[in-house]
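Engineer: My questions will all concern the structure given below.
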Amino acid sequence: MSSSDRTQPNTPYYPVICIDGPSGAGKGTVAWRLAQDLGYQLLDSGALYRIVGLKAKQAGLLDDVEALDEDALETLTKGLDIRFSPSESLGRVDIVVNDTLIGQEVRNETVGGYASQVAVFPKVRQALLALQQDMATRSGLVADGRDMGTVVFPAADVKVFLTASAEARAERRVLQLQSSGQIADMAEILTNIQSRDIRDEERSTAPSKAADDALLLDSSALSADEVYAQIKSYCQQKGICF
Ligand SMILES: Nc1ncnc2c1ncn2[C@@H]1O[C@H](COP(=O)(O)OP(=O)(O)OP(=O)(O)O)[C@@H](O)[C@H]1O
Ligand SMILES: Nc1ccn([C@@H]2O[C@H](COP(=O)(O)O)[C@@H](O)[C@H]2O)c(=O)n1
């Protein structure tokens with residue numbers, strides 16, 4: 001299910017580290033650094049939902065928000081050939097969908113909203129499950145998302161639920177957008193973050209929540225370096241690295 005079976009002799013064992021939490025908590029930043037440090041693969045599960053959300057929007061499947069068609073979304077999801085590969089760019093993995101490299105077009109709040117619309121559907125989530133679990137069968141894995149520790153890798157070696165106040169997360173987004181030359185409206189970003197939080201936390205299938213055995217870490221007043229140091233130290237305590 002998650003990593004390989006520790007109890008089987010002569011079978012390689014691949015640890016899994018799950019970093020779950022809301023948008024802007026700093027999951028991707030710490031997950032990428034841990035993966036680099038430990039030589040593990042990185043699973044950016046949010047990117048999967050972003051891709052499905054964008055493709056669904058382009059196919060007109062999100063036009064009537066009151067009557068979204070779960071079966072059509074499932075068919076669309078199953079028709080996507082999604083592959084991750086190491087990127088030349090710092091802090092990223094490349095994603096190739098149906099042989100086309102996906103760029104920055106999925107990395108904005110609008111597509112984040114489409115992602116959270118499609119992510120409520122069990123059939124969409126099920127269609128993405130095997131791809132995610134398969135990534136833990138070839139090497140160690142750092143998995144970033146909402147349900148990594150609760151649903152996708154329930155037997156993971158390390159589970160962290162990383163949070164921050166909505167205000168802190170919105171401020172980070174504003175800085176992130178400004179640093180790439182974009183205009184950012186704090187009030188609008190905060191509203192978007194809060195409505196995405198509500199949809200992600202209140203959906204009935206795989207809601208965003210901490211696993212019972214997760215370390216809870218609030219990053220509101222921590223730098224990215226401090227978050228990394230605390231999580232690395234927790235991984236050491238759990239015996240998966242030195
Ligand atoms: N502890 C921190 N303090 C301040 N800024 C941070 C911290 N961690 C990450 N950041 C910055 O906040 C922004 C969002 O971080 P990141 O993309 O890692 O969040 P995320 O939880 O993965 O969000 P999403 O789920 O939307 O992908 C980035 O610009 C990142 O550099
Ligand atoms: N495991 C996951 C990951 C993401 N989602 C949904 O996708 C949206 C975008 O995620 P980001 O991490 O890239 O911001 C997110 O708001 C969720 O709706 C998910 O359901 N499960």
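For the structure tokens, the naming scheme is as follows: chains receive sequential letters (A, B, ...) according to their order of presentation, residues are indexed from 1 within each chain, and ligands are indexed from 1 in presentation order.
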Could you list, as a ChimeraX atom specification, all protein and nucleic acid residues with an atom at most 8 Å from ligand 2, counting only C-alpha atoms and all ligand atoms?
Structural biologist: /A:20,22-24,27-28,44-50,107,111-120,125,144-148,196-197,199-200,206-208
Engineer: Assign secondary structure with DSSP using the backbone only, and return the residues of segment 33-222 of chain A in strand (DSSP E or B) as a PyMOL selection string.
Structural biologist: chain A and resi 41-44+82-86+93-97+100-102+141-145+158-163+215-218
Engineer: What does the structure give for the distance between atom 5 (N, counted along the ligand's line) of ligand 1 and atom CA of Arg172 of chain A, in Å to one decimal?
Structural biologist: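 Separating atom 5 (N, counted along the ligand's line) of ligand 1 from atom CA of Arg172 of chain A is a distance of 5.4 Å.
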Engineer: How would you report the residues lying within 9 Å of ligand 1, as a ChimeraX atom specification, if you count only C-alpha atoms and all ligand atoms?
Structural biologist: /A:19-32,44,46-47,91,107-109,112,144-146,162-164,168-177,179,193,219-228
Engineer: Next, write the just-selected residues to a file, as a CSV table (one decimal), in the first residue's frame, keeping N, CA and C atoms as the atom set.
Structural biologist:
```csv
chain,number,residue,atom,x,y,z
A,19,ILE,N,3.9,15.0,4.1
A,19,ILE,CA,3.7,16.4,4.6
A,19,ILE,C,2.4,16.9,4.1
A,20,ASP,N,1.4,16.9,5.0
A,20,ASP,CA,0.1,17.4,4.6
A,20,ASP,C,-0.2,18.8,5.3
A,21,GLY,N,-1.2,19.4,4.8
A,21,GLY,CA,-1.6,20.7,5.4
A,21,GLY,C,-2.2,21.6,4.3
A,22,PRO,N,-2.7,22.8,4.8
A,22,PRO,CA,-3.4,23.7,3.8
A,22,PRO,C,-2.5,24.5,2.9
A,23,SER,N,-3.1,25.1,1.9
A,23,SER,CA,-2.3,25.9,0.9
A,23,SER,C,-1.5,27.0,1.6
A,24,GLY,N,-0.2,27.0,1.2
A,24,GLY,CA,0.7,28.1,1.7
A,24,GLY,C,1.3,27.8,3.0
A,25,ALA,N,1.1,26.6,3.6
A,25,ALA,CA,1.7,26.3,4.9
A,25,ALA,C,3.2,26.1,4.7
A,26,GLY,N,3.7,25.9,3.5
A,26,GLY,CA,5.1,25.7,3.3
A,26,GLY,C,5.5,24.2,3.0
A,27,LYS,N,4.4,23.4,2.7
A,27,LYS,CA,4.7,22.0,2.4
A,27,LYS,C,5.6,21.7,1.3
A,28,GLY,N,5.4,22.4,0.2
A,28,GLY,CA,6.2,22.1,-1.0
A,28,GLY,C,7.6,22.5,-0.8
A,29,THR,N,7.8,23.6,-0.1
A,29,THR,CA,9.2,24.1,0.2
A,29,THR,C,10.0,23.0,1.0
A,30,VAL,N,9.4,22.6,2.1
A,30,VAL,CA,10.1,21.6,3.0
A,30,VAL,C,10.2,20.2,2.3
A,31,ALA,N,9.1,19.9,1.6
A,31,ALA,CA,9.1,18.5,0.9
A,31,ALA,C,10.2,18.4,-0.1
A,32,TRP,N,10.4,19.5,-0.9
A,32,TRP,CA,11.4,19.5,-1.9
A,32,TRP,C,12.8,19.4,-1.3
A,44,ASP,N,4.2,15.7,-5.6
A,44,ASP,CA,3.5,16.9,-5.4
A,44,ASP,C,2.0,16.5,-5.8
A,46,GLY,N,-0.8,17.8,-5.1
A,46,GLY,CA,-1.6,19.0,-5.4
A,46,GLY,C,-1.6,19.2,-6.9
A,47,ALA,N,-0.4,19.0,-7.5
A,47,ALA,CA,-0.3,19.2,-9.0
A,47,ALA,C,-1.2,18.3,-9.8
A,91,GLY,N,13.6,23.6,-6.6
A,91,GLY,CA,12.4,23.5,-5.8
A,91,GLY,C,11.2,23.0,-6.6
A,107,ARG,N,0.0,26.8,-11.6
A,107,ARG,CA,0.5,27.3,-10.3
A,107,ARG,C,-0.1,28.7,-10.0
A,108,ASN,N,-1.4,28.8,-10.1
A,108,ASN,CA,-2.0,30.0,-9.7
A,108,ASN,C,-3.3,29.7,-8.9
A,109,GLU,N,-3.8,30.7,-8.2
A,109,GLU,CA,-5.0,30.5,-7.3
A,109,GLU,C,-6.2,30.1,-8.1
A,112,GLY,N,-5.9,26.5,-8.6
A,112,GLY,CA,-6.0,25.9,-7.3
A,112,GLY,C,-7.5,25.7,-6.9
A,144,ASP,N,3.6,15.3,-0.7
A,144,ASP,CA,3.1,16.6,-0.2
A,144,ASP,C,1.6,16.6,-0.6
A,145,GLY,N,0.7,16.9,0.3
A,145,GLY,CA,-0.7,17.0,-0.1
A,145,GLY,C,-1.7,17.3,1.0
A,146,ARG,N,-2.9,16.7,1.0
A,146,ARG,CA,-3.9,16.9,2.0
A,146,ARG,C,-4.2,15.6,2.7
A,162,LEU,N,1.4,20.2,8.5
A,162,LEU,CA,2.0,21.6,8.6
A,162,LEU,C,0.9,22.6,8.4
A,163,THR,N,0.8,23.5,9.4
A,163,THR,CA,-0.2,24.5,9.2
A,163,THR,C,0.4,25.9,9.4
A,164,ALA,N,-0.4,26.9,9.2
A,164,ALA,CA,-0.1,28.3,9.5
A,164,ALA,C,-1.4,29.1,9.4
A,168,ALA,N,-1.0,34.5,7.6
A,168,ALA,CA,0.4,34.2,7.3
A,168,ALA,C,0.5,33.6,6.0
A,169,ARG,N,-0.4,32.7,5.6
A,169,ARG,CA,-0.3,32.0,4.3
A,169,ARG,C,-0.6,33.0,3.2
A,170,ALA,N,-1.6,33.9,3.4
A,170,ALA,CA,-1.9,34.8,2.4
A,170,ALA,C,-0.7,35.8,2.2
A,171,GLU,N,-0.1,36.2,3.3
A,171,GLU,CA,1.1,37.1,3.2
A,171,GLU,C,2.2,36.5,2.3
A,172,ARG,N,2.4,35.2,2.6
A,172,ARG,CA,3.4,34.5,1.8
A,172,ARG,C,3.1,34.5,0.3
A,173,ARG,N,1.8,34.2,0.0
A,173,ARG,CA,1.4,34.2,-1.4
A,173,ARG,C,1.6,35.6,-2.0
A,174,VAL,N,1.3,36.6,-1.3
A,174,VAL,CA,1.5,38.0,-1.8
A,174,VAL,C,2.9,38.2,-2.1
A,175,LEU,N,3.8,37.8,-1.2
A,175,LEU,CA,5.3,38.0,-1.5
A,175,LEU,C,5.7,37.2,-2.6
A,176,GLN,N,5.2,35.9,-2.7
A,176,GLN,CA,5.6,35.0,-3.8
A,176,GLN,C,5.2,35.6,-5.2
A,177,LEU,N,3.9,36.1,-5.2
A,177,LEU,CA,3.5,36.7,-6.5
A,177,LEU,C,4.3,38.0,-6.8
A,179,SER,N,7.2,38.7,-6.0
A,179,SER,CA,8.6,38.5,-6.3
A,179,SER,C,8.7,38.0,-7.8
A,193,ILE,N,-8.0,31.7,-0.1
A,193,ILE,CA,-7.4,30.7,0.7
A,193,ILE,C,-8.4,30.2,1.7
A,219,SER,N,3.6,26.7,11.3
A,219,SER,CA,4.8,27.4,10.8
A,219,SER,C,4.6,29.0,10.8
A,220,SER,N,3.5,29.4,11.4
A,220,SER,CA,3.1,30.9,11.2
A,220,SER,C,4.3,31.8,11.6
A,221,ALA,N,5.0,31.4,12.7
A,221,ALA,CA,6.1,32.2,13.2
A,221,ALA,C,7.5,31.6,13.0
A,222,LEU,N,7.5,30.6,12.1
A,222,LEU,CA,8.8,29.9,11.8
A,222,LEU,C,9.3,30.2,10.4
A,223,SER,N,10.6,30.4,10.3
A,223,SER,CA,11.1,30.5,9.0
A,223,SER,C,11.1,29.2,8.3
A,224,ALA,N,11.3,29.2,6.9
A,224,ALA,CA,11.4,27.9,6.2
A,224,ALA,C,12.5,27.1,6.7
A,225,ASP,N,13.7,27.7,7.1
A,225,ASP,CA,14.8,26.9,7.6
A,225,ASP,C,14.4,26.2,9.0
A,226,GLU,N,13.7,27.0,9.8
A,226,GLU,CA,13.3,26.4,11.1
A,226,GLU,C,12.3,25.2,10.9
A,227,VAL,N,11.4,25.4,9.9
A,227,VAL,CA,10.5,24.3,9.7
A,227,VAL,C,11.3,23.0,9.2
A,228,TYR,N,12.2,23.3,8.3
A,228,TYR,CA,13.0,22.2,7.8
A,228,TYR,C,13.8,21.5,8.9
```
Engineer: Which of these residues is nearest to Gly149 of chain A, using only C-alpha atoms: A:Ala211, A:Ile82, A:Cys235, A:Leu216?
Structural biologist: A:Ala211
Engineer: Have a look at A:Val16, A:Lys55, A:Arg203, A:Asp94 and name the one nearest to Lys159 of chain A; count only C-alpha atoms.
Structural biologist: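 Of A:Val16, A:Lys55, A:Arg203, A:Asp94, the one nearest Lys159 of chain A is A:Val16, counting only C-alpha atoms.
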Engineer: Just checking: using only C-alpha atoms, which residue out of A:Ile51, A:Val160, A:Leu217, A:Leu61 ends up closest to Thr100 of chain A?
Structural biologist: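 Ranking A:Ile51, A:Val160, A:Leu217, A:Leu61 by distance to Thr100 of chain A, first place goes to A:Ile51.
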Engineer: For the atom pair atom CA of Gln104 of chain A and atom CA of Leu76 of chain A, what is the interatomic distance in Å to one decimal place?
Structural biologist: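 Separation of atom CA of Gln104 of chain A and atom CA of Leu76 of chain A: 21.2 Å.
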Engineer: Among segment 50-228 of chain A, which ones does DSSP assign to alpha helix (DSSP H) (computed from the backbone)? Answer as a ChimeraX atom specification.
Structural biologist: /A:50-58,70-78,109-118,122-134,166-179,186-202,224-228
Engineer: Which residues, written as an NGL selection string, have at least one atom at most 12 Å from segment 131-136 of chain A, with only C-alpha atoms counted and residues fewer than 2 positions away on the same chain left out?
Structural biologist: :A and (1-5 or 12-18 or 40-49 or 77-78 or 80-85 or 125-129 or 138-145 or 147-149 or 151-157)
Engineer: Create the file for the chosen residues now, containing N, CA and C atoms and written as a short mmCIF file (atom, residue, chain, number, x, y, z; two decimals), in the first residue's frame.
Structural biologist:
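Listed below is the output, again.cif:
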```
data_model
loop_
_atom_site.label_atom_id
_atom_site.label_comp_id
_atom_site.auth_asym_id
_atom_site.auth_seq_id
_atom_site.Cartn_x
_atom_site.Cartn_y
_atom_site.Cartn_z
N MET A 1 0.84 -1.21 0.00
CA MET A 1 0.00 0.00 0.00
C MET A 1 0.87 1.25 0.00
N SER A 2 1.62 1.52 1.09
CA SER A 2 2.44 2.73 1.02
C SER A 2 3.83 2.35 0.56
N SER A 3 4.73 2.19 1.48
CA SER A 3 6.06 1.79 1.07
C SER A 3 6.10 0.28 0.95
N SER A 4 7.29 -0.25 0.69
CA SER A 4 7.43 -1.69 0.60
C SER A 4 7.30 -2.29 2.00
N ASP A 5 7.22 -3.62 2.06
CA ASP A 5 6.92 -4.29 3.32
C ASP A 5 8.19 -4.53 4.13
N PRO A 12 13.67 -4.73 -0.81
CA PRO A 12 14.12 -3.39 -0.44
C PRO A 12 13.00 -2.63 0.28
N TYR A 13 13.41 -1.82 1.27
CA TYR A 13 12.41 -1.05 2.02
C TYR A 13 12.56 0.42 1.69
N TYR A 14 11.50 1.06 1.26
CA TYR A 14 11.55 2.47 0.87
C TYR A 14 10.69 3.30 1.83
N PRO A 15 11.33 4.17 2.62
CA PRO A 15 10.56 4.99 3.56
C PRO A 15 9.67 6.01 2.85
N VAL A 16 8.57 6.35 3.52
CA VAL A 16 7.66 7.38 3.00
C VAL A 16 7.48 8.45 4.07
N ILE A 17 7.66 9.70 3.66
CA ILE A 17 7.45 10.86 4.55
C ILE A 17 6.28 11.65 3.98
N CYS A 18 5.25 11.87 4.79
CA CYS A 18 4.07 12.62 4.32
C CYS A 18 4.05 14.01 4.95
N TYR A 40 15.35 11.19 -2.09
CA TYR A 40 14.06 10.54 -2.31
C TYR A 40 13.35 11.20 -3.50
N GLN A 41 12.35 10.50 -4.01
CA GLN A 41 11.46 11.12 -5.01
C GLN A 41 10.50 12.07 -4.30
N LEU A 42 9.93 12.96 -5.08
CA LEU A 42 8.98 13.92 -4.54
C LEU A 42 7.63 13.74 -5.22
N LEU A 43 6.58 13.59 -4.42
CA LEU A 43 5.22 13.54 -4.98
C LEU A 43 4.50 14.83 -4.61
N ASP A 44 4.24 15.67 -5.61
CA ASP A 44 3.45 16.89 -5.42
C ASP A 44 2.02 16.54 -5.82
N SER A 45 1.26 16.00 -4.86
CA SER A 45 -0.07 15.49 -5.22
C SER A 45 -1.03 16.62 -5.60
N GLY A 46 -0.79 17.83 -5.06
CA GLY A 46 -1.65 18.96 -5.43
C GLY A 46 -1.58 19.22 -6.93
N ALA A 47 -0.40 18.98 -7.53
CA ALA A 47 -0.26 19.22 -8.97
C ALA A 47 -1.19 18.30 -9.76
N LEU A 48 -1.41 17.09 -9.24
CA LEU A 48 -2.30 16.16 -9.96
C LEU A 48 -3.72 16.74 -10.02
N TYR A 49 -4.18 17.24 -8.86
CA TYR A 49 -5.54 17.80 -8.83
C TYR A 49 -5.60 19.10 -9.63
N THR A 77 -10.08 12.14 -16.04
CA THR A 77 -8.89 11.85 -15.20
C THR A 77 -8.20 10.58 -15.68
N LYS A 78 -9.00 9.55 -15.95
CA LYS A 78 -8.41 8.28 -16.38
C LYS A 78 -7.74 8.40 -17.75
N LEU A 80 -5.81 10.81 -18.68
CA LEU A 80 -4.57 11.59 -18.62
C LEU A 80 -3.39 10.69 -18.29
N ASP A 81 -2.34 10.81 -19.09
CA ASP A 81 -1.10 10.07 -18.79
C ASP A 81 -0.17 11.06 -18.09
N ILE A 82 -0.09 10.96 -16.76
CA ILE A 82 0.66 11.96 -15.98
C ILE A 82 1.96 11.33 -15.48
N ARG A 83 3.07 12.00 -15.74
CA ARG A 83 4.39 11.52 -15.26
C ARG A 83 5.15 12.65 -14.60
N PHE A 84 5.85 12.31 -13.51
CA PHE A 84 6.72 13.27 -12.84
C PHE A 84 8.15 12.98 -13.27
N SER A 85 8.96 14.05 -13.43
CA SER A 85 10.39 13.80 -13.66
C SER A 85 11.19 14.92 -13.00
N ARG A 125 -10.59 11.03 -7.12
CA ARG A 125 -9.52 10.69 -6.17
C ARG A 125 -9.05 9.26 -6.39
N GLN A 126 -10.03 8.36 -6.59
CA GLN A 126 -9.68 6.95 -6.81
C GLN A 126 -8.84 6.80 -8.09
N ALA A 127 -9.19 7.56 -9.12
CA ALA A 127 -8.47 7.45 -10.40
C ALA A 127 -7.03 7.92 -10.27
N LEU A 128 -6.72 8.72 -9.23
CA LEU A 128 -5.34 9.21 -9.05
C LEU A 128 -4.57 8.41 -8.00
N LEU A 129 -5.23 7.43 -7.36
CA LEU A 129 -4.62 6.77 -6.21
C LEU A 129 -3.43 5.88 -6.58
N ARG A 138 9.56 2.43 -5.69
CA ARG A 138 10.86 2.44 -6.39
C ARG A 138 11.98 3.09 -5.62
N SER A 139 11.63 3.99 -4.67
CA SER A 139 12.66 4.68 -3.88
C SER A 139 11.96 5.31 -2.68
N GLY A 140 12.74 5.88 -1.78
CA GLY A 140 12.12 6.66 -0.71
C GLY A 140 11.29 7.78 -1.32
N LEU A 141 10.29 8.24 -0.58
CA LEU A 141 9.36 9.22 -1.14
C LEU A 141 8.99 10.28 -0.11
N VAL A 142 8.98 11.54 -0.55
CA VAL A 142 8.38 12.61 0.25
C VAL A 142 7.11 13.01 -0.48
N ALA A 143 5.96 12.88 0.19
CA ALA A 143 4.67 13.12 -0.45
C ALA A 143 4.00 14.34 0.18
N ASP A 144 3.62 15.29 -0.66
CA ASP A 144 3.06 16.58 -0.20
C ASP A 144 1.59 16.65 -0.64
N GLY A 145 0.68 16.93 0.31
CA GLY A 145 -0.72 17.03 -0.09
C GLY A 145 -1.67 17.33 1.03
N ASP A 147 -4.12 14.46 1.92
CA ASP A 147 -4.54 13.16 2.45
C ASP A 147 -3.43 12.13 2.34
N MET A 148 -2.18 12.59 2.29
CA MET A 148 -1.07 11.65 2.14
C MET A 148 -1.00 10.70 3.34
N GLY A 149 -1.07 11.29 4.55
CA GLY A 149 -0.93 10.47 5.76
C GLY A 149 -2.20 9.75 6.17
N VAL A 151 -4.93 8.76 3.84
CA VAL A 151 -5.55 7.87 2.85
C VAL A 151 -4.52 7.20 1.93
N VAL A 152 -3.61 8.00 1.37
CA VAL A 152 -2.75 7.45 0.31
C VAL A 152 -1.64 6.57 0.90
N PHE A 153 -1.03 7.04 2.00
CA PHE A 153 0.05 6.28 2.63
C PHE A 153 -0.21 6.14 4.14
N PRO A 154 -1.27 5.41 4.53
CA PRO A 154 -1.60 5.35 5.96
C PRO A 154 -0.51 4.69 6.80
N ALA A 155 0.36 3.90 6.17
CA ALA A 155 1.43 3.24 6.94
C ALA A 155 2.76 3.98 6.80
N ALA A 156 2.72 5.24 6.42
CA ALA A 156 3.97 6.00 6.20
C ALA A 156 4.83 6.04 7.45
N ASP A 157 6.14 6.16 7.24
CA ASP A 157 7.10 6.17 8.36
C ASP A 157 7.03 7.47 9.15
#
```
Engineer: Enter the distance from atom CA of Phe161 of chain A to atom CA of Lys209 of chain A, in Å, rounded to one decimal.
Structural biologist: 7.7 Å
